[in-house]
Amino acid sequence: MGILEKISEIEKEIARTQKNKATEYHLGLLKAKLAKYRAQLLEPSKSASSKGEGFDVMKSGDARVALIGFPSVGKVSDDQCGLWAERQDVSFQT
């Protein structure tokens with residue numbers, strides 16, 4: 001019996017139960033179960049996925065990385081990474 005069937009059964013039970021002082025507790029329990037099943041329907045259970053299970057991302061293509069920051073803060077220079085970067089003719093540049 002799935003969650004949707006359980007919800008419909010509880011709704012039928014609430015509809016056919018007479019509302020009076022003697023049945024307030026029973027109706028409260030049914031409404032609590034109904035709220036619990038509706039929450040499970042909206043939110044998948046955490047126990048369904050096994051712990052530690054992940055996913056892989058395929059590596060493909062090229063990437064371009066830009067290091068932005070103030071001068072003299074230890075950015076990668078051309079001779080360290082083997083790439084040529086365009087530099088401006090500014091007196092404070094390292």
# chains A, B, ... in the order shown; residues from 1 in each chain; ligands from 1
>>> residues_around(residues="Arg38 (chain A)", least_positions_apart="3", cutoff="9 Å", atoms="only C-alpha atoms", output="list of chain:residue names")
A:Ile3, A:Leu4, A:Ile7, A:Lys33, A:Leu34, A:Ala35, A:Leu41, A:Leu42, A:Glu43
>>> write_last_selection(atoms="C-alpha atoms", output="mmCIF file, in the first residue's frame")
data_model
loop_
_atom_site.group_PDB
_atom_site.id
_atom_site.type_symbol
_atom_site.label_atom_id
_atom_site.label_comp_id
_atom_site.auth_asym_id
_atom_site.auth_seq_id
_atom_site.Cartn_x
_atom_site.Cartn_y
_atom_site.Cartn_z
ATOM 1 C CA ILE A 3 1.441 6.649 0.446
ATOM 2 C CA LEU A 4 -1.354 7.876 -1.829
ATOM 3 C CA ILE A 7 -3.815 9.157 2.421
ATOM 4 C CA LYS A 33 -1.122 10.550 10.335
ATOM 5 C CA LEU A 34 -2.473 12.432 7.325
ATOM 6 C CA ALA A 35 -0.019 15.293 7.883
ATOM 7 C CA LEU A 41 4.888 12.611 -0.167
ATOM 8 C CA LEU A 42 6.445 16.073 -0.597
ATOM 9 C CA GLU A 43 9.848 15.168 0.859
#
>>> closest_residue(among="A:Asp62, A:Glu9, A:Glu24, A:Asp56", to="Tyr37 (chain A)", atoms="only C-alpha atoms")
A:Glu9
>>> atom_distance(atom1="CA of Ala39 (chain A)", atom2="CA of Lys6 (chain A)")
12.8 Å
